[in-house]
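A short worksheet on the structure shown next.
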Amino acid sequence: MKERLVVIGNGMAGARLVEEIVARGGNERYQIVVFGDEPYGNYNRILLSNVLAGSHDPQDIFINPLAWYAQHHIDLRVGMHIHTIDTENKAVYASDGTITTYDKLVIATGSKPFLPPLKNLLREDGGLKTGAFAFRTIDDCDAMIKYAAQARSTVVIGGGLLGLEAARGLSNRCSKVHVVHLPTSLMNVQLDEPASELLQAEIAKLGIQLWLGKLTTEVVGGTSVTGLGFKDGTRLECDMLVIAAGIRPNMELARQAGIACERGILVNDGLVTSAQDVFALGECAEHRGRVYGLVAPLWEQARVLAERLTSPTANALYRGSKESTKLKVMGMELAVMGEKDRSLPDDEVVTYSEPGRGIYKKLVIRNGSLLGAIVMGDGPTTPRLLQHFDRGDKLPENRAELLFALTGESKAFDVADLPDDAQICNCNGVSKGQIVAAVREGKRSLPMLCNATRAGTGCGSCKPQVQALLELASDGLVVDDPALHYYVPGVPLKKPDLIKTIKEQELRSVSAVFRALADGKEDPTSKAGLASLLKTIWGKEYEDERDARFINDRVHANIQNDGTFSVIPRIYGGVTTGQELRRIADVALKYDVPMVKLTGGQRIDLVGIPKRHLPDVWRDLGMPSGHAYSKAFRTCKTCLGSEFCRYGVGDSTGLGIKIEKRFQGVESPHKMKLATTGCPRNCSEATTKDLGAMAIEGGRWEIYIGGGAGSKVRKGDVLCTVETHDEVLLYMGRFMQYYRENARYLERTYDLVERLGIEYLRQVLVEDSEGIASRLDQEIQAAVDAYVDPWQEAHQPATPAQFAEALQPVGTSIVP
C-alpha cells in the first residue's frame, strides 16, 4: 500500500521537489497529490519579465504542463486553495470542500508580493485600484500586458531585480516608464554603490526614468490610478502602477495550524517543521534564521528533501546555501555571490571598473578565500569565481588571474575545469554533469541541449558556458543551429531571404513583418534591427512605428546616465561660422546647459538637455541633426587640406562637406564614421574610419574601407584610387549601400570587410563582377532622396507625448 504524499504548492519549489522524487522512483512508494492555487501546470516565474517584454510566449515558460503530471501518475489539483491543515488528524481542507489525508505533508506555498501602505491604493473590497498591479503570477503578467496597451505612462515601485525586470518588459509596451525606489541606489541588497551607478547608467540608455530616494505615500486618482504622491511634496503622473517592492513568505496556513513560524516556517536541517511528518521548503521556509529568495537554494532544498523522502536510510541534510546567482538585469550580465562589502578590518577588497564598456568587478577576500564578488558585464570570468566561492579554495596570490582571462585561455577552459556537480544554470538548477550527459545522448545543437536540460532558458546568462560544454562534450560534432544565421532572432530567415520576402509581400512596418513572418508573435529584441532594415528597403515608403525604436531614435538625441540628453547639431566637415557659434552659445546660456563639449568628430555637443526642452533647443539652434545618436552615417572628419595647409595635395575640407551633405542621416546596420585627409600625413585619421579618403600626389584619392579606432583598432583596406570628388562620392555610396544590404545587424564595416575580404569587395564594387553596381548606385540615391531632418519634429512631434516628462510639484509647500 502506497503512502500518500501531499504537496501544497505547485510553484518552482513544490514542482521541483516532485520532479526530484519522481527521478528517484518515489512515485512507486508514494501516491503523490499536489495542490496548486493557479489553474496551470508548473511554470518558470523567472521568465515572467520576458513574457511581459514580449520575447517569450506564455507557453514558452511552462516547465511541466498538465500532461506531465498525468504521465507520472501524479494527482494534480489545479485552481485549488488549501485553507486549513489539521496536523492532529493529518488532513488538509481544500476550497472545493474536499478533505485529503496525508502520511507526509510538504508545504511549499512560496511567497506573496509586499504591498506598501499607500493611501488610496486599495478599493473598498480590498482589491487593487484599477490600473494598479502586483507582479507575481502569470495572470498578473497577462493583466498587465492588456492594460499596458492603453497606458501612456507607467510607474514601477521597486528598484530591485523584480522591479527592474518589470520596467524592462513594460518599456517595450509603454512610451514612458518610470522606476521609483526608496533607497538611493538600485538593487541595493545585491550591489555596492559603484555597481549600482553603472547599472543606473545602462538603464538610462533604455529611456527608463529613475526616481531614487523617493518615498511614495499615496496613489492619486478616483476609480483608476492617475499618479503617485511622494513625501517630498511632488507628484508623478501615470495611468498604470506596478508594485514590485519585495516579497513576504506565505506562512499564514502553517501558523493557523500551530506550526512554528518566525520570519518564515521554521525548519531544521532535515527541512522538518515543528509538526510531525510535515516538511517545508522554498521561499516560505526559514532555515537557520534565513529565508531564501533565490532559486539555487530552493533546488538544493528540493534535492535534500527528495532524498530523505525516497530513501529510509538517507542521511542527507540541508546545512544552508552559499548564495550566488548569475542573471541578466536590463540585458547586462551580472553575477553576485556572498558578501558585497568587507565586514572585518583585514578583509581584502579588489576592484576593477571600466564604465565605458559597462564592466565592473569586485572581490571580497578573507584569509585567502573568496568571501564574495560582484561581476557585471564580463560573463567569461564568472565560472572560475563561482568555483572558488563554492569550494572555498585558496586564491592565487596574483588577484588579476581572477579578474581577467589568462592569456590564451579559451572559454571552454573554465567549464572544463569544473566538477560534474557544479551548477551551470542557476535559474533551472542544471549541473555540468547533466549538460554533458545530454550532449552524449545526442543533443548536439544549442537549442536541442537547452530544451532537453532547460539550461539557458532562464535569464540566458549561462548560455556561453552551455555552448562551451556542448563543444567540449561533442568532440567537435556540433550540429549547426540555423537560428545563428537569422538576421534577427524573432524572424526565422537569413538576411537575403528576409529582404526578398519583405519586398515580395510588401511589408512596410515592423508589425507587418511579425504578422506575416513570425505568426504574429512580436519579439522586442528584433524590432530595432527590423526597423533599420525596413527603412533601408523602403525609404520614404517605410511605415515608422515609434515603439520599434530605441529611446535615442524616438527623440533624436543621445540619452545620458542621468536621463537628460545630448544635442549635437550638424557642422558640415567641421566648418562653422561666427553666426552658428553665436546661436550655439545663446542656446547654452538660455537653457543653462551643464556641459558644452567639443567632440572628436569636429562638432559641438550640448550635454544635459532635459527631454522636454529638446524641441525648443532645436528650434533655437536652427541647425540640422548631427545624428550622433543613431545607427547611421554620423560625421566626416576633415583636415584643412590644400586650401590652407602647406602640405595639402587635395581639398579634403571641401570633399568632407560634400560627403556630409550627401549622406547625412543614411541609416545602416551600425554607425558609420568617415574622414577625409588632404595628404598621407593623415591628420584626420582617415585610414582608421569606416570609410576614408586620402589625397595623394597627382590629384588622386585613395578610398579606404573597414577601418576602426575604437575598442578594435584596424587600418582600413584600399578599395580603389580615383581622380575626382565625384568618384569618391560614387564609390563611398556604393560601399555604403552594399554594407546596408549585406551586413548583419550591429556588424561594423570592419567586421564585414574582414568577413568577405577586400579582394571580393573590389571585384563586386569596382569591377562590377556581379552586375549590381548600377542598382547599388540607384538604391543609395533613393536613400539620399528620402532624407528628412528628424529635428523638424520640433515643429510637429510624431506623438503627443514624444517629449513629455511627468514629475510635477504638488503646488503647495510646508513651512516649518
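Every chain in the C-alpha cells takes a letter, A first, then B, and so on in the order presented; its residues are numbered from 1, and the ligands are numbered from 1 following the presented order.
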
Cut-off 10 Å: closest region 430-523 of chain A/region 44-61 of chain A atom pairs per residue, using only C-alpha atoms, as a Markdown table:
```
| residue | atom | partner | partner_atom | distance |
| --- | --- | --- | --- | --- |
| A:Thr457 | CA | A:Ile61 | CA | 8.4 |
| A:Gly458 | CA | A:Leu47 | CA | 6.1 |
| A:Cys459 | CA | A:Leu47 | CA | 7.1 |
| A:Pro489 | CA | A:Ser55 | CA | 9.7 |
| A:Gly490 | CA | A:Ser55 | CA | 8.2 |
| A:Lys521 | CA | A:Asp57 | CA | 7.9 |
| A:Glu522 | CA | A:Gly54 | CA | 6.3 |
| A:Asp523 | CA | A:Ser55 | CA | 4.8 |
```

>> For Tyr102 (chain A), find every residue with an atom within 12 Å (counting only C-alpha atoms), except residues of its own chain fewer than 4 positions away, and show them as a VMD selection string.
In response: chain A and resid 2 to 8 30 to 34 85 to 93 106 276 to 278

Could the residues in this selection be written to a file with N, CA, C and O atoms, as a short mmCIF file (atom, residue, chain, number, x, y, z; two decimals), in the first residue's frame?
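Final output, out_28.cif:
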```
data_model
loop_
_atom_site.label_atom_id
_atom_site.label_comp_id
_atom_site.auth_asym_id
_atom_site.auth_seq_id
_atom_site.Cartn_x
_atom_site.Cartn_y
_atom_site.Cartn_z
N LYS A 2 0.65 2.16 -0.95
CA LYS A 2 1.45 3.37 -1.05
C LYS A 2 1.08 4.36 0.05
O LYS A 2 -0.09 4.48 0.42
N GLU A 3 2.09 5.06 0.51
CA GLU A 3 1.82 6.19 1.40
C GLU A 3 1.35 7.37 0.55
O GLU A 3 1.66 7.45 -0.64
N ARG A 4 0.62 8.27 1.18
CA ARG A 4 0.16 9.45 0.45
C ARG A 4 1.03 10.65 0.84
O ARG A 4 1.14 11.01 2.00
N LEU A 5 1.63 11.23 -0.18
CA LEU A 5 2.44 12.43 -0.01
C LEU A 5 1.65 13.61 -0.60
O LEU A 5 1.34 13.61 -1.80
N VAL A 6 1.32 14.56 0.23
CA VAL A 6 0.59 15.75 -0.21
C VAL A 6 1.56 16.93 -0.26
O VAL A 6 2.29 17.19 0.71
N VAL A 7 1.56 17.64 -1.38
CA VAL A 7 2.39 18.83 -1.55
C VAL A 7 1.45 20.02 -1.77
O VAL A 7 0.65 20.02 -2.70
N ILE A 8 1.55 21.00 -0.89
CA ILE A 8 0.77 22.23 -1.04
C ILE A 8 1.64 23.26 -1.73
O ILE A 8 2.60 23.78 -1.15
N TYR A 30 5.02 6.47 -3.22
CA TYR A 30 4.00 7.41 -2.78
C TYR A 30 2.88 7.57 -3.80
O TYR A 30 3.12 7.53 -5.03
N GLN A 31 1.70 7.78 -3.30
CA GLN A 31 0.62 8.37 -4.09
C GLN A 31 0.77 9.88 -3.87
O GLN A 31 0.54 10.39 -2.77
N ILE A 32 1.16 10.58 -4.93
CA ILE A 32 1.50 11.99 -4.79
C ILE A 32 0.31 12.85 -5.20
O ILE A 32 -0.24 12.71 -6.30
N VAL A 33 -0.10 13.74 -4.29
CA VAL A 33 -1.18 14.68 -4.56
C VAL A 33 -0.61 16.09 -4.43
O VAL A 33 0.02 16.42 -3.41
N VAL A 34 -0.79 16.91 -5.46
CA VAL A 34 -0.26 18.27 -5.47
C VAL A 34 -1.42 19.25 -5.60
O VAL A 34 -2.26 19.12 -6.50
N ILE A 85 -4.94 23.19 7.58
CA ILE A 85 -4.16 21.98 7.82
C ILE A 85 -4.50 21.47 9.22
O ILE A 85 -4.42 22.22 10.19
N ASP A 86 -4.90 20.22 9.29
CA ASP A 86 -5.20 19.57 10.57
C ASP A 86 -4.06 18.61 10.86
O ASP A 86 -4.04 17.47 10.36
N THR A 87 -3.08 19.05 11.66
CA THR A 87 -1.91 18.22 11.90
C THR A 87 -2.22 17.04 12.82
O THR A 87 -1.55 16.00 12.75
N GLU A 88 -3.26 17.17 13.65
CA GLU A 88 -3.60 16.08 14.57
C GLU A 88 -4.19 14.90 13.81
O GLU A 88 -3.83 13.74 14.04
N ASN A 89 -5.09 15.19 12.85
CA ASN A 89 -5.71 14.12 12.05
C ASN A 89 -5.02 13.93 10.71
O ASN A 89 -5.50 13.14 9.89
N LYS A 90 -3.95 14.69 10.46
CA LYS A 90 -3.15 14.57 9.24
C LYS A 90 -4.04 14.69 8.00
O LYS A 90 -4.15 13.78 7.19
N ALA A 91 -4.66 15.84 7.87
CA ALA A 91 -5.57 16.10 6.75
C ALA A 91 -5.47 17.57 6.35
O ALA A 91 -5.12 18.44 7.15
N VAL A 92 -5.79 17.83 5.06
CA VAL A 92 -5.85 19.20 4.56
C VAL A 92 -7.23 19.44 3.98
O VAL A 92 -7.85 18.54 3.40
N TYR A 93 -7.72 20.67 4.10
CA TYR A 93 -9.06 21.03 3.67
C TYR A 93 -8.95 22.00 2.49
O TYR A 93 -8.29 23.05 2.61
N VAL A 106 4.11 18.29 2.61
CA VAL A 106 5.13 19.28 2.30
C VAL A 106 4.43 20.60 2.01
O VAL A 106 3.53 20.68 1.17
N GLN A 276 4.68 16.85 13.26
CA GLN A 276 5.11 15.52 12.83
C GLN A 276 4.76 15.27 11.38
O GLN A 276 3.64 15.53 10.94
N ASP A 277 5.74 14.76 10.60
CA ASP A 277 5.56 14.39 9.20
C ASP A 277 5.17 15.58 8.32
O ASP A 277 4.58 15.41 7.25
N VAL A 278 5.48 16.77 8.75
CA VAL A 278 5.22 17.97 7.94
C VAL A 278 6.56 18.64 7.64
O VAL A 278 7.35 18.92 8.54
#
```

Region 411-497 of chain A near region 310-326 of chain A within 8 Å: what's each residue's closest atom pair and its distance in Å to one decimal, counting only C-alpha atoms, ordered by chain then ascending residue number, as a tab-separated table?
```
residue	atom	partner	partner_atom	distance
A:Cys425	CA	A:Lys326	CA	7.9
A:Asn426	CA	A:Thr325	CA	6.2
A:Ser461	CA	A:Lys326	CA	6.5
A:Cys462	CA	A:Lys326	CA	7.4
```

>> I'd like to know which of A:Leu309, A:Ile63, A:Val375, A:Met595 is closest to Asn27 (chain A), using only C-alpha atoms.
In response: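 Using only C-alpha atoms, Asn27 (chain A) sits closest to A:Leu309.
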
> Just how far from CA of Ser431 (chain A) is CA of Cys450 (chain A), in Å to one decimal?
Replying inline: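 So the two atoms, CA of Cys450 (chain A) and CA of Ser431 (chain A), lie 12.4 Å apart.
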
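Here CA of Leu128 (chain A) stands at a distance of 22.0 Å from CA of Thr109 (chain A).
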
>> Can you pull out the residues contacting Pro447 (chain A)? Cut-off 10 Å, using only C-alpha atoms, and skip same-chain residues under 5 positions away; I want them as a list in words.
In response: Ala452, Arg454, Ala455, Gly456, Thr457, Gln467, Asp481, Pro482 and Ala483 of chain A

Selection from above, N, CA and C atoms, as a compact mmCIF listing (two decimals), in the first residue's frame, can you write it?
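Resulting contents of again.txt:
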```
# COMPACT_ATOMS: atom_id res chain seq x y z
N ALA A 452 16.39 20.25 -23.80
CA ALA A 452 16.45 18.97 -23.09
C ALA A 452 16.78 19.15 -21.61
N ARG A 454 16.91 22.42 -19.97
CA ARG A 454 16.40 23.72 -19.51
C ARG A 454 17.53 24.71 -19.23
N ALA A 455 18.76 24.30 -19.33
CA ALA A 455 19.87 25.24 -19.13
C ALA A 455 19.79 26.34 -20.18
N GLY A 456 20.00 27.57 -19.74
CA GLY A 456 19.98 28.68 -20.67
C GLY A 456 18.62 29.21 -21.02
N THR A 457 17.55 28.59 -20.50
CA THR A 457 16.20 29.04 -20.85
C THR A 457 15.63 30.00 -19.81
N GLN A 467 27.21 26.59 -24.19
CA GLN A 467 27.81 26.41 -25.51
C GLN A 467 29.20 25.80 -25.39
N ASP A 481 23.19 25.26 -35.84
CA ASP A 481 21.88 25.81 -35.45
C ASP A 481 21.51 26.89 -36.46
N PRO A 482 20.46 26.69 -37.25
CA PRO A 482 20.10 27.69 -38.26
C PRO A 482 19.76 29.05 -37.66
N ALA A 483 19.34 29.08 -36.39
CA ALA A 483 18.96 30.36 -35.78
C ALA A 483 20.15 31.31 -35.68
```

>> To test your reading of the structure, identify every residue in region 590-694 of chain A that backbone DSSP assigns to strand (DSSP E), and report it as a PyMOL selection string.
In response: chain A and resi 595-598+604-609+633-638+672-677+691-694

Preceding selection exported with N, CA, C and O atoms as a CSV table (one decimal), in the first residue's frame:
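out04.csv, written as the output of this step:
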```
chain,number,residue,atom,x,y,z
A,595,MET,N,27.1,71.2,-19.7
A,595,MET,CA,28.4,71.0,-20.4
A,595,MET,C,28.3,71.3,-21.9
A,595,MET,O,27.4,70.8,-22.5
A,596,VAL,N,29.3,72.0,-22.4
A,596,VAL,CA,29.5,72.3,-23.8
A,596,VAL,C,30.8,71.6,-24.2
A,596,VAL,O,31.8,72.0,-23.8
A,597,LYS,N,30.7,70.6,-25.0
A,597,LYS,CA,31.9,69.7,-25.3
A,597,LYS,C,32.2,69.7,-26.8
A,597,LYS,O,31.4,69.5,-27.6
A,598,LEU,N,33.5,70.0,-27.1
A,598,LEU,CA,34.0,69.8,-28.4
A,598,LEU,C,34.3,68.3,-28.7
A,598,LEU,O,35.0,67.7,-27.9
A,604,ILE,N,30.1,70.3,-31.8
A,604,ILE,CA,29.9,70.8,-30.5
A,604,ILE,C,28.7,70.1,-29.9
A,604,ILE,O,27.6,70.1,-30.5
A,605,ASP,N,28.9,69.6,-28.7
A,605,ASP,CA,27.9,68.7,-28.0
A,605,ASP,C,27.4,69.5,-26.8
A,605,ASP,O,28.1,70.0,-26.0
A,606,LEU,N,26.1,69.7,-26.8
A,606,LEU,CA,25.4,70.4,-25.7
A,606,LEU,C,24.8,69.2,-24.8
A,606,LEU,O,23.8,68.6,-25.2
A,607,VAL,N,25.4,69.0,-23.7
A,607,VAL,CA,25.1,67.9,-22.8
A,607,VAL,C,24.3,68.3,-21.6
A,607,VAL,O,24.6,69.3,-21.0
A,608,GLY,N,23.2,67.5,-21.4
A,608,GLY,CA,22.4,67.7,-20.2
A,608,GLY,C,21.1,68.4,-20.5
A,608,GLY,O,20.6,69.1,-19.6
A,609,ILE,N,20.6,68.2,-21.7
A,609,ILE,CA,19.3,68.8,-22.0
A,609,ILE,C,18.1,67.9,-21.6
A,609,ILE,O,18.0,66.8,-22.0
A,633,PHE,N,25.1,57.0,-40.8
A,633,PHE,CA,26.3,57.9,-41.1
A,633,PHE,C,26.2,59.0,-40.1
A,633,PHE,O,25.2,59.7,-39.9
A,634,ARG,N,27.3,59.2,-39.4
A,634,ARG,CA,27.4,60.3,-38.4
A,634,ARG,C,28.1,61.5,-38.8
A,634,ARG,O,27.5,62.6,-38.9
A,635,THR,N,29.4,61.5,-39.1
A,635,THR,CA,30.1,62.7,-39.4
A,635,THR,C,31.3,62.3,-40.3
A,635,THR,O,31.7,61.2,-40.4
A,636,CYS,N,31.8,63.4,-40.9
A,636,CYS,CA,33.0,63.2,-41.7
A,636,CYS,C,34.1,64.2,-41.2
A,636,CYS,O,33.9,65.4,-41.4
A,637,LYS,N,35.1,63.6,-40.6
A,637,LYS,CA,36.2,64.4,-40.0
A,637,LYS,C,37.1,64.9,-41.1
A,637,LYS,O,37.4,64.1,-42.1
A,638,THR,N,37.5,66.1,-41.1
A,638,THR,CA,38.4,66.7,-42.1
A,638,THR,C,39.6,67.3,-41.6
A,638,THR,O,39.7,67.8,-40.4
A,672,MET,N,28.4,54.7,-38.8
A,672,MET,CA,29.5,54.9,-39.8
A,672,MET,C,30.2,56.2,-39.5
A,672,MET,O,29.5,57.2,-39.5
A,673,LYS,N,31.5,56.2,-39.3
A,673,LYS,CA,32.3,57.4,-39.1
A,673,LYS,C,33.2,57.5,-40.3
A,673,LYS,O,33.9,56.5,-40.6
A,674,LEU,N,33.3,58.7,-40.9
A,674,LEU,CA,34.1,58.9,-42.1
A,674,LEU,C,35.1,60.0,-41.8
A,674,LEU,O,35.0,60.8,-40.8
A,675,ALA,N,36.1,60.1,-42.7
A,675,ALA,CA,37.1,61.1,-42.7
A,675,ALA,C,37.7,61.3,-44.0
A,675,ALA,O,37.8,60.4,-44.9
A,676,THR,N,38.2,62.6,-44.3
A,676,THR,CA,39.0,62.9,-45.5
A,676,THR,C,40.2,63.5,-45.0
A,676,THR,O,40.2,64.4,-44.1
A,677,THR,N,41.3,63.2,-45.7
A,677,THR,CA,42.6,63.8,-45.3
A,677,THR,C,43.3,64.3,-46.6
A,677,THR,O,43.3,63.7,-47.6
A,691,LEU,N,34.8,54.6,-43.4
A,691,LEU,CA,35.2,55.0,-44.8
A,691,LEU,C,36.1,56.2,-44.7
A,691,LEU,O,35.9,57.1,-43.9
A,692,GLY,N,37.1,56.2,-45.5
A,692,GLY,CA,38.0,57.3,-45.5
A,692,GLY,C,38.5,57.6,-46.9
A,692,GLY,O,38.6,56.7,-47.8
A,693,ALA,N,38.9,58.9,-47.2
A,693,ALA,CA,39.5,59.3,-48.4
A,693,ALA,C,40.8,60.0,-48.2
A,693,ALA,O,40.8,61.0,-47.4
A,694,MET,N,41.9,59.6,-48.8
A,694,MET,CA,43.2,60.2,-48.6
A,694,MET,C,43.7,60.8,-50.0
A,694,MET,O,43.8,60.1,-51.0
```

>> List the spatial neighbours of Ala585 (chain A) as a ChimeraX atom specification - criterion: any atom at most 10 Å away, only C-alpha atoms, same-chain residues fewer than 4 positions off excluded.
In response: /A:579-581,589-590,593,596,606,621

Writer output for current selection, C-alpha atoms, as a PDB file, in the first residue's frame:
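File produced: result28.pdb:
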```
ATOM      1  CA  GLN A 579      26.715  83.192 -36.575  1.00  0.00           C
ATOM      2  CA  GLU A 580      26.376  79.446 -35.882  1.00  0.00           C
ATOM      3  CA  LEU A 581      28.736  79.669 -32.934  1.00  0.00           C
ATOM      4  CA  LEU A 589      23.189  80.148 -21.868  1.00  0.00           C
ATOM      5  CA  LYS A 590      19.418  80.181 -22.325  1.00  0.00           C
ATOM      6  CA  VAL A 593      23.476  73.650 -20.414  1.00  0.00           C
ATOM      7  CA  VAL A 596      29.459  72.264 -23.806  1.00  0.00           C
ATOM      8  CA  LEU A 606      25.370  70.352 -25.706  1.00  0.00           C
ATOM      9  CA  LEU A 621      19.689  76.382 -32.954  1.00  0.00           C
TER      10      LEU A 621
END
```

> CA of Val555 (chain A) and CA of Arg612 (chain A) are how many Å apart?
Replying inline: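 Interatomic distance here is 10.0 Å.
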
> Looking only at the backbone, which of the residues in region 472-506 of chain A does DSSP tag as helix (DSSP H, G or I), as a count of residues only?
Replying inline: 17

Close residues, Thr453 (chain A) itself excluded, 7 Å, only C-alpha atoms, min 3 positions apart in chain, as an mmCIF file with all heavy atoms, in the first residue's frame:
```cif
data_model
loop_
_atom_site.group_PDB
_atom_site.id
_atom_site.type_symbol
_atom_site.label_atom_id
_atom_site.label_comp_id
_atom_site.auth_asym_id
_atom_site.auth_seq_id
_atom_site.Cartn_x
_atom_site.Cartn_y
_atom_site.Cartn_z
ATOM 1 N N VAL A 430 20.648 23.435 -13.205
ATOM 2 C CA VAL A 430 21.210 22.410 -14.095
ATOM 3 C C VAL A 430 22.719 22.358 -13.899
ATOM 4 O O VAL A 430 23.410 23.382 -13.983
ATOM 5 C CB VAL A 430 20.881 22.706 -15.568
ATOM 6 C CG1 VAL A 430 21.338 21.551 -16.451
ATOM 7 C CG2 VAL A 430 19.389 22.948 -15.746
ATOM 8 N N ILE A 435 24.349 18.499 -18.252
ATOM 9 C CA ILE A 435 24.513 19.027 -19.611
ATOM 10 C C ILE A 435 25.383 18.106 -20.440
ATOM 11 O O ILE A 435 25.057 17.778 -21.596
ATOM 12 C CB ILE A 435 25.117 20.451 -19.547
ATOM 13 C CG1 ILE A 435 24.115 21.404 -18.883
ATOM 14 C CG2 ILE A 435 25.497 20.939 -20.934
ATOM 15 C CD1 ILE A 435 24.684 22.779 -18.586
ATOM 16 N N LEU A 449 20.001 21.192 -26.827
ATOM 17 C CA LEU A 449 20.576 20.993 -25.497
ATOM 18 C C LEU A 449 19.812 21.806 -24.451
ATOM 19 O O LEU A 449 19.514 21.311 -23.358
ATOM 20 C CB LEU A 449 22.054 21.386 -25.519
ATOM 21 C CG LEU A 449 22.851 21.168 -24.233
ATOM 22 C CD1 LEU A 449 22.809 19.705 -23.800
ATOM 23 C CD2 LEU A 449 24.303 21.625 -24.422
ATOM 24 N N CYS A 450 19.488 23.036 -24.785
ATOM 25 C CA CYS A 450 18.744 23.886 -23.843
ATOM 26 C C CYS A 450 17.347 23.340 -23.596
ATOM 27 O O CYS A 450 16.857 23.342 -22.458
ATOM 28 C CB CYS A 450 18.678 25.318 -24.366
ATOM 29 S SG CYS A 450 20.272 26.174 -24.381
#
```

>> Show me, as an MDAnalysis selection string, the residues that have an atom within 10 Å of Ser474 (chain A) when counting only C-alpha atoms, minus same-chain residues fewer than 2 positions from it.
In response: chainID A and resid 436 439:445 469:472 476:479

> What's the 12 Å shell around Glu754 (chain A), counting only C-alpha atoms, without same-chain residues fewer than 6 positions away, as JSON, numbers by chain?
Replying inline: {"A": [705, 706, 707, 708, 714, 715, 716, 717, 743, 747, 748, 760, 761]}

Deliver the residues from the most recent selection as a file, using N, CA and C atoms, as a PDB file, in the first residue's frame.
```pdb
ATOM      1  N   ILE A 705      38.231  51.474 -46.767  1.00  0.00           N
ATOM      2  CA  ILE A 705      37.013  50.948 -46.132  1.00  0.00           C
ATOM      3  C   ILE A 705      37.392  49.983 -45.006  1.00  0.00           C
ATOM      4  N   GLY A 706      36.530  49.915 -43.998  1.00  0.00           N
ATOM      5  CA  GLY A 706      36.717  48.928 -42.933  1.00  0.00           C
ATOM      6  C   GLY A 706      37.742  49.293 -41.892  1.00  0.00           C
ATOM      7  N   GLY A 707      37.998  50.592 -41.681  1.00  0.00           N
ATOM      8  CA  GLY A 707      38.911  50.988 -40.622  1.00  0.00           C
ATOM      9  C   GLY A 707      38.176  51.155 -39.299  1.00  0.00           C
ATOM     10  N   GLY A 708      38.921  51.129 -38.216  1.00  0.00           N
ATOM     11  CA  GLY A 708      38.311  51.298 -36.896  1.00  0.00           C
ATOM     12  C   GLY A 708      39.342  51.751 -35.884  1.00  0.00           C
ATOM     13  N   ARG A 714      41.849  49.009 -36.382  1.00  0.00           N
ATOM     14  CA  ARG A 714      42.135  48.348 -37.660  1.00  0.00           C
ATOM     15  C   ARG A 714      42.376  49.405 -38.731  1.00  0.00           C
ATOM     16  N   LYS A 715      43.450  49.256 -39.462  1.00  0.00           N
ATOM     17  CA  LYS A 715      43.674  50.120 -40.617  1.00  0.00           C
ATOM     18  C   LYS A 715      42.814  49.623 -41.763  1.00  0.00           C
ATOM     19  N   GLY A 716      42.103  50.550 -42.396  1.00  0.00           N
ATOM     20  CA  GLY A 716      41.219  50.179 -43.489  1.00  0.00           C
ATOM     21  C   GLY A 716      41.981  49.673 -44.704  1.00  0.00           C
ATOM     22  N   ASP A 717      41.255  48.989 -45.577  1.00  0.00           N
ATOM     23  CA  ASP A 717      41.823  48.488 -46.826  1.00  0.00           C
ATOM     24  C   ASP A 717      41.497  49.461 -47.958  1.00  0.00           C
ATOM     25  N   ALA A 743      25.368  43.476 -44.444  1.00  0.00           N
ATOM     26  CA  ALA A 743      25.899  43.319 -43.090  1.00  0.00           C
ATOM     27  C   ALA A 743      24.832  42.771 -42.161  1.00  0.00           C
ATOM     28  N   GLU A 747      26.677  44.797 -37.100  1.00  0.00           N
ATOM     29  CA  GLU A 747      28.004  44.418 -37.591  1.00  0.00           C
ATOM     30  C   GLU A 747      28.678  45.660 -38.153  1.00  0.00           C
ATOM     31  N   ARG A 748      29.851  45.999 -37.633  1.00  0.00           N
ATOM     32  CA  ARG A 748      30.569  47.172 -38.117  1.00  0.00           C
ATOM     33  C   ARG A 748      31.174  46.903 -39.480  1.00  0.00           C
ATOM     34  N   TYR A 760      37.355  40.360 -52.789  1.00  0.00           N
ATOM     35  CA  TYR A 760      35.983  40.111 -53.231  1.00  0.00           C
ATOM     36  C   TYR A 760      35.217  41.421 -53.360  1.00  0.00           C
ATOM     37  N   LEU A 761      35.375  42.313 -52.381  1.00  0.00           N
ATOM     38  CA  LEU A 761      34.656  43.579 -52.418  1.00  0.00           C
ATOM     39  C   LEU A 761      35.112  44.441 -53.592  1.00  0.00           C
TER      40      LEU A 761
END
```
